[in-house]
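J.: Next comes the structure file structure.cif, holding mmCIF, C-alpha atoms.
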data_start
#
loop_
_atom_site.label_atom_id
_atom_site.label_comp_id
_atom_site.auth_asym_id
_atom_site.auth_seq_id
_atom_site.Cartn_x
_atom_site.Cartn_y
_atom_site.Cartn_z
CA MET A 1 83.15 75.43 -41.87
CA GLY A 2 85.84 72.95 -42.94
CA ASP A 3 85.54 69.71 -40.99
CA THR A 4 83.34 71.24 -38.28
CA LEU A 5 79.76 69.96 -38.12
CA LEU A 6 78.53 71.72 -34.98
CA GLU A 7 79.54 75.23 -33.97
CA VAL A 8 78.24 76.81 -30.75
CA ARG A 9 79.24 80.34 -29.75
CA GLY A 10 78.54 82.34 -26.60
CA LEU A 11 75.57 80.21 -25.57
CA GLY A 12 73.68 81.43 -22.53
CA ARG A 13 70.55 80.12 -20.82
CA ARG A 14 69.02 81.37 -17.58
CA PHE A 15 66.09 80.20 -15.49
CA GLU A 16 64.08 81.88 -12.76
CA GLU A 17 64.07 79.88 -9.53
CA GLY A 18 62.55 81.12 -6.27
CA GLY A 19 62.75 84.75 -7.32
CA ARG A 20 66.38 84.39 -8.40
CA THR A 21 67.96 84.09 -11.82
CA ARG A 22 70.23 81.06 -12.27
CA ALA A 23 72.62 80.92 -15.23
CA VAL A 24 72.75 77.28 -16.35
CA LEU A 25 74.89 78.02 -19.41
CA ASP A 26 77.17 81.06 -19.48
CA GLY A 27 78.99 82.03 -22.68
CA LEU A 28 79.50 78.41 -23.71
CA ASP A 29 81.51 77.58 -26.85
CA LEU A 30 81.72 74.20 -28.58
CA ASP A 31 83.04 72.79 -31.85
CA VAL A 32 82.40 69.19 -32.91
CA ARG A 33 83.87 67.65 -36.05
CA HIS A 34 82.11 65.43 -38.56
CA GLY A 35 82.10 61.81 -37.37
CA GLU A 36 83.40 62.63 -33.90
CA CYS A 37 82.07 61.05 -30.69
CA VAL A 38 82.10 63.60 -27.87
CA ALA A 39 81.03 62.98 -24.27
CA LEU A 40 79.57 65.81 -22.19
CA LEU A 41 80.39 64.93 -18.61
CA GLY A 42 78.67 66.66 -15.70
CA ARG A 43 76.75 66.20 -12.50
CA SER A 44 72.97 65.91 -12.55
CA GLY A 45 71.59 69.44 -12.85
CA SER A 46 74.72 70.84 -14.48
CA GLY A 47 72.86 71.77 -17.67
CA LYS A 48 73.65 68.86 -19.98
CA SER A 49 70.02 68.32 -21.04
CA THR A 50 69.55 72.08 -21.48
CA LEU A 51 72.56 72.17 -23.80
CA LEU A 52 71.32 69.27 -25.92
CA ASN A 53 67.87 70.88 -26.20
CA LEU A 54 69.47 74.12 -27.42
CA ILE A 55 71.72 72.31 -29.90
CA SER A 56 68.72 70.42 -31.32
CA GLY A 57 66.59 73.56 -31.59
CA ILE A 58 63.96 72.23 -29.17
CA ASP A 59 64.67 75.32 -27.06
CA LEU A 60 66.26 78.69 -27.80
CA PRO A 61 69.11 80.34 -25.85
CA ASP A 62 68.95 83.71 -24.15
CA GLU A 63 72.06 84.62 -26.10
CA GLY A 64 74.54 82.98 -28.44
CA THR A 65 74.30 80.94 -31.64
CA VAL A 66 74.10 77.31 -32.74
CA ALA A 67 75.00 76.29 -36.30
CA LEU A 68 74.83 72.75 -37.69
CA ASP A 69 76.62 72.08 -40.96
CA GLY A 70 76.54 75.80 -41.66
CA VAL A 71 72.82 76.22 -40.94
CA PRO A 72 72.16 78.76 -38.13
CA LEU A 73 69.51 76.98 -36.06
CA THR A 74 69.11 79.91 -33.68
CA ALA A 75 68.07 82.12 -36.61
CA LEU A 76 65.25 79.78 -37.72
CA ASP A 77 61.65 80.02 -36.56
CA GLU A 78 60.03 77.14 -34.63
CA ARG A 79 58.58 75.42 -37.71
CA GLU A 80 61.88 75.65 -39.59
CA ARG A 81 63.78 74.23 -36.61
CA THR A 82 61.31 71.34 -36.31
CA LEU A 83 61.64 70.43 -39.99
CA PHE A 84 65.43 70.70 -39.84
CA ARG A 85 65.58 68.53 -36.71
CA ARG A 86 63.41 65.82 -38.30
CA ARG A 87 65.85 65.43 -41.17
CA HIS A 88 69.25 66.07 -39.66
CA ILE A 89 69.18 65.22 -35.94
CA GLY A 90 68.49 62.01 -34.00
CA PHE A 91 67.77 61.99 -30.26
CA VAL A 92 68.12 59.14 -27.75
CA TYR A 93 66.67 59.87 -24.31
CA GLN A 94 67.17 58.27 -20.89
CA PHE A 95 63.48 57.37 -20.64
CA PHE A 96 63.13 56.11 -24.24
CA HIS A 97 60.05 58.24 -25.19
CA LEU A 98 58.51 55.47 -27.26
CA ILE A 99 54.85 55.91 -28.17
CA PRO A 100 53.01 53.24 -26.16
CA THR A 101 50.12 52.84 -28.62
CA LEU A 102 52.46 52.08 -31.53
CA THR A 103 54.21 48.78 -32.15
CA VAL A 104 58.00 48.52 -32.24
CA GLU A 105 57.87 48.62 -36.03
CA GLU A 106 55.60 51.68 -36.05
CA ASN A 107 57.76 53.54 -33.52
CA VAL A 108 60.88 53.04 -35.64
CA ARG A 109 59.09 53.94 -38.87
CA LEU A 110 57.75 57.24 -37.47
CA PRO A 111 60.74 59.46 -38.49
CA LEU A 112 60.46 58.20 -42.06
CA GLU A 113 56.73 58.95 -42.17
CA LEU A 114 57.26 62.45 -40.77
CA ASN A 115 59.88 63.10 -43.47
CA GLY A 116 57.77 61.53 -46.22
CA GLU A 117 60.43 58.90 -46.90
CA PRO A 118 59.70 55.31 -48.01
CA ASP A 119 60.55 52.42 -45.75
CA GLY A 120 62.43 50.41 -48.37
CA GLY A 121 63.08 47.67 -45.83
CA ARG A 122 64.90 50.04 -43.50
CA VAL A 123 62.70 49.40 -40.46
CA SER A 124 63.20 45.64 -40.45
CA GLY A 125 66.89 46.13 -41.24
CA TRP A 126 67.43 48.44 -38.30
CA LEU A 127 65.51 46.23 -35.91
CA GLU A 128 67.71 43.33 -37.02
CA ALA A 129 70.75 45.54 -36.38
CA VAL A 130 69.69 46.16 -32.77
CA GLY A 131 68.77 42.52 -32.21
CA LEU A 132 64.99 42.92 -32.25
CA GLY A 133 64.08 41.58 -35.67
CA ASP A 134 61.55 39.24 -34.11
CA ARG A 135 59.73 41.94 -32.09
CA LEU A 136 58.26 44.14 -34.83
CA ALA A 137 54.64 43.58 -33.72
CA SER A 138 55.34 43.97 -29.99
CA PHE A 139 54.25 47.03 -28.02
CA PRO A 140 56.76 48.92 -25.83
CA ASP A 141 55.24 47.70 -22.56
CA ARG A 142 56.10 44.12 -23.54
CA LEU A 143 59.81 44.93 -23.81
CA SER A 144 62.51 45.17 -21.16
CA ALA A 145 64.17 48.54 -20.49
CA GLY A 146 67.21 47.51 -22.53
CA GLU A 147 65.03 46.43 -25.44
CA GLN A 148 63.11 49.68 -25.35
CA GLN A 149 66.35 51.65 -25.50
CA ARG A 150 67.49 49.59 -28.49
CA VAL A 151 64.23 50.47 -30.26
CA ALA A 152 64.89 54.13 -29.44
CA ILE A 153 68.38 53.87 -30.94
CA ALA A 154 67.00 52.38 -34.16
CA ARG A 155 64.38 55.14 -34.33
CA ALA A 156 67.02 57.84 -33.79
CA LEU A 157 69.27 56.58 -36.58
CA ILE A 158 66.84 55.31 -39.22
CA HIS A 159 66.62 58.63 -41.10
CA LYS A 160 70.45 58.87 -41.26
CA PRO A 161 70.94 62.05 -39.21
CA GLY A 162 74.23 63.89 -39.35
CA LEU A 163 74.09 64.55 -35.61
CA LEU A 164 73.00 62.05 -32.96
CA LEU A 165 72.29 63.42 -29.48
CA ALA A 166 72.08 61.04 -26.51
CA ASP A 167 70.93 62.30 -23.11
CA GLU A 168 71.97 59.86 -20.34
CA PRO A 169 71.08 56.91 -22.62
CA THR A 170 72.18 54.31 -20.05
CA GLY A 171 70.90 56.15 -16.98
CA ASN A 172 67.74 54.05 -16.68
CA LEU A 173 69.48 50.69 -17.24
CA ASP A 174 71.37 48.30 -15.01
CA ALA A 175 75.15 48.32 -15.37
CA GLU A 176 75.50 45.30 -17.69
CA THR A 177 72.58 46.27 -19.94
CA GLY A 178 73.93 49.82 -20.01
CA ARG A 179 77.32 48.60 -21.24
CA ARG A 180 75.73 46.57 -24.02
CA VAL A 181 73.44 49.43 -25.10
CA LEU A 182 76.32 51.93 -25.04
CA ALA A 183 78.46 49.66 -27.22
CA LEU A 184 75.55 49.28 -29.63
CA LEU A 185 74.89 53.03 -29.72
CA THR A 186 78.50 54.04 -30.36
CA GLY A 187 79.10 51.18 -32.80
CA LEU A 188 76.06 51.99 -34.93
CA ALA A 189 76.80 55.72 -34.88
CA ARG A 190 80.32 55.08 -36.16
CA ARG A 191 79.04 52.62 -38.77
CA GLU A 192 76.62 55.23 -40.10
CA GLY A 193 79.15 58.06 -39.97
CA ALA A 194 76.99 60.03 -37.56
CA THR A 195 78.47 62.56 -35.17
CA LEU A 196 77.58 61.58 -31.60
CA LEU A 197 77.18 63.99 -28.69
CA LEU A 198 76.66 61.95 -25.52
CA ALA A 199 75.61 63.58 -22.23
CA THR A 200 76.37 61.59 -19.10
CA HIS A 201 77.29 61.91 -15.42
CA SER A 202 79.28 58.66 -15.61
CA LYS A 203 83.03 58.77 -16.20
CA GLN A 204 82.88 55.12 -17.29
CA VAL A 205 80.35 55.95 -20.01
CA ALA A 206 82.41 58.96 -21.11
CA GLU A 207 85.44 56.72 -21.68
CA SER A 208 83.78 55.38 -24.85
CA ALA A 209 84.11 58.78 -26.55
CA ASP A 210 86.87 60.24 -28.71
CA ARG A 211 86.87 63.39 -26.58
CA VAL A 212 85.52 64.23 -23.12
CA LEU A 213 84.31 67.69 -22.11
CA THR A 214 83.09 68.60 -18.63
CA LEU A 215 80.22 71.04 -18.15
CA ASP A 216 81.30 73.13 -15.18
CA ARG A 217 79.73 76.41 -14.03
CA GLY A 218 77.98 76.90 -17.34
CA ARG A 219 80.98 76.32 -19.58
CA LEU A 220 82.75 73.36 -21.16
CA VAL A 221 86.21 72.41 -19.96
CA GLU A 222 88.59 70.06 -21.78
CA ARG A 223 90.16 67.10 -19.95
CA GLY A 224 87.13 66.75 -17.67
CA GLU A 225 88.70 63.84 -15.85
CA ASP A 226 91.08 66.27 -14.12
CA LEU A 227 88.29 68.19 -12.40
CA ALA A 228 87.44 67.44 -8.78
CA TRP A 229 83.99 65.97 -8.23
#
Could you render the structure from this file as structure tokens?
T.:
Amino acid sequence: MGDTLLEVRGLGRRFEEGGRTRAVLDGLDLDVRHGECVALLGRSGSGKSTLLNLISGIDLPDEGTVALDGVPLTALDERERTLFRRRHIGFVYQFFHLIPTLTVEENVRLPLELNGEPDGGRVSGWLEAVGLGDRLASFPDRLSAGEQQRVAIARALIHKPGLLLADEPTGNLDAETGRRVLALLTGLARREGATLLLATHSKQVAESADRVLTLDRGRLVERGEDLAW
């Protein structure tokens, strides 16, 4: 494996739409190194979310393989993939996916509880890191969109995942809040040594990455900025 954390080979995913079969991903290959920040650039509907779901083991491909740190996720059963994801992968979504009946503190603590890990002051420490140390007892509906996304970032990183996936993490935020949240996300990921795979349709967001790949016709193309949109 060397310095490669994520290895994707020949990934294919098809969906039935209106009696037709549509290939969203078609023989896709991808290598991501430890500690790298990679942006997946593509139009809405290009398959970015599908790719992240396959990489995380939430979904399975029609063909191809996904391996993370040498572990073949596509060869694991659903329970094994779930347990692996809980320990080794963090996910930040566009729409936050916070649990509305849990406080900010409880939302961030959830990954630790699922993994049977002690808090050890980590929850309060992470909420301080994202600027919400005074909102532990608040519920998600009392927070702004930017604050909710910061909670989601803390939740995604608290269990120290090797791979952090972010699916349009600024897509539901205004431009200025989005810039601040993106800087926070990339800064914390680098601080923790996490590998970040960031899906976006924004070229401006993609500029924060070490490398930009464009998802085009089911495959990834280097130097995405050269493609016509």
J.: Using only C-alpha atoms, which residues sit within 8 Å of Thr170 of chain A once same-chain residues fewer than 5 positions away are excluded, as a PyMOL selection string?
T.: chain A and resi 94+178-179+181-182
J.: Residues within 9 Å of segment 60-63 of chain A, please, as a ChimeraX atom specification. Count only C-alpha atoms; anything in the same chain fewer than 6 positions from it doesn't count.
T.: /A:10-14,25,27,53-54,74
J.: What is the atom CA of Arg217 of chain A-atom CA of Lys48 of chain A distance in Å, reported with one decimal?
T.: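 Distance reported for this atom pair: 11.4 Å.
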J.: Evaluating the PyMOL selection byres ((chain A and resi 201) around 12) on the displayed file yields which residues, as an NGL selection string?
T.: :A and (39-49 or 167-171 or 198-200 or 202-207 or 212-216 or 224-225 or 229)
J.: Which residues are near Thr101 of chain A? Cut-off 12 Å, only C-alpha atoms, ignore same chain within fewer than 4 positions. Put them as a short mmCIF file (atom, residue, chain, number, x, y, z; two decimals) with C-alpha atoms, keeping the file's coordinate frame.
T.:
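Output (part_25.cif):
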data_model
loop_
_atom_site.label_atom_id
_atom_site.label_comp_id
_atom_site.auth_asym_id
_atom_site.auth_seq_id
_atom_site.Cartn_x
_atom_site.Cartn_y
_atom_site.Cartn_z
CA HIS A 97 60.05 58.24 -25.19
CA GLU A 105 57.87 48.62 -36.03
CA GLU A 106 55.60 51.68 -36.05
CA ASN A 107 57.76 53.54 -33.52
CA ALA A 137 54.64 43.58 -33.72
CA SER A 138 55.34 43.97 -29.99
CA PHE A 139 54.25 47.03 -28.02
CA PRO A 140 56.76 48.92 -25.83
CA ASP A 141 55.24 47.70 -22.56
CA ARG A 142 56.10 44.12 -23.54
#
J.: Evaluate the PyMOL selection byres ((chain A and resi 210) around 6) here and jot the selected residues down as number ranges by chain.
T.: A: 37-38, 209, 211
J.: Pull out every residue that the PyMOL selection byres ((chain A and resi 160) around 9) matches in the shown coordinates and put them as a list in words.
T.: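 Applying the expression gives Arg87, His88, Ile89, Gly90, Ala156, Leu157, Ile158, His159, Pro161, Gly162, Leu163, Glu192, Gly193 and Ala194 of chain A.
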J.: Given the choices A:Val24, A:Leu136, A:Val130, A:Val108, which gets closest to Leu220 of chain A if the distance is worked out from only C-alpha atoms?
T.: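 Counting only C-alpha atoms, the residue closest to Leu220 of chain A is A:Val24.
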J.: Counting only C-alpha atoms, which of A:Val71, A:Leu102, A:Leu197, A:Ile153 gets nearest to Asp31 of chain A?
T.: A:Leu197
J.: Which residues are close to Leu98 of chain A, i.e. within 9 Å by only C-alpha atoms, leaving aside same-chain residues fewer than 5 positions away? Reply as JSON, numbers by chain.
T.: {"A": [104, 107, 140, 148, 149, 151, 152]}
J.: Between atom CA of Phe15 of chain A and atom CA of Gly57 of chain A, what is the spacing in Å?
T.: 17.4 Å
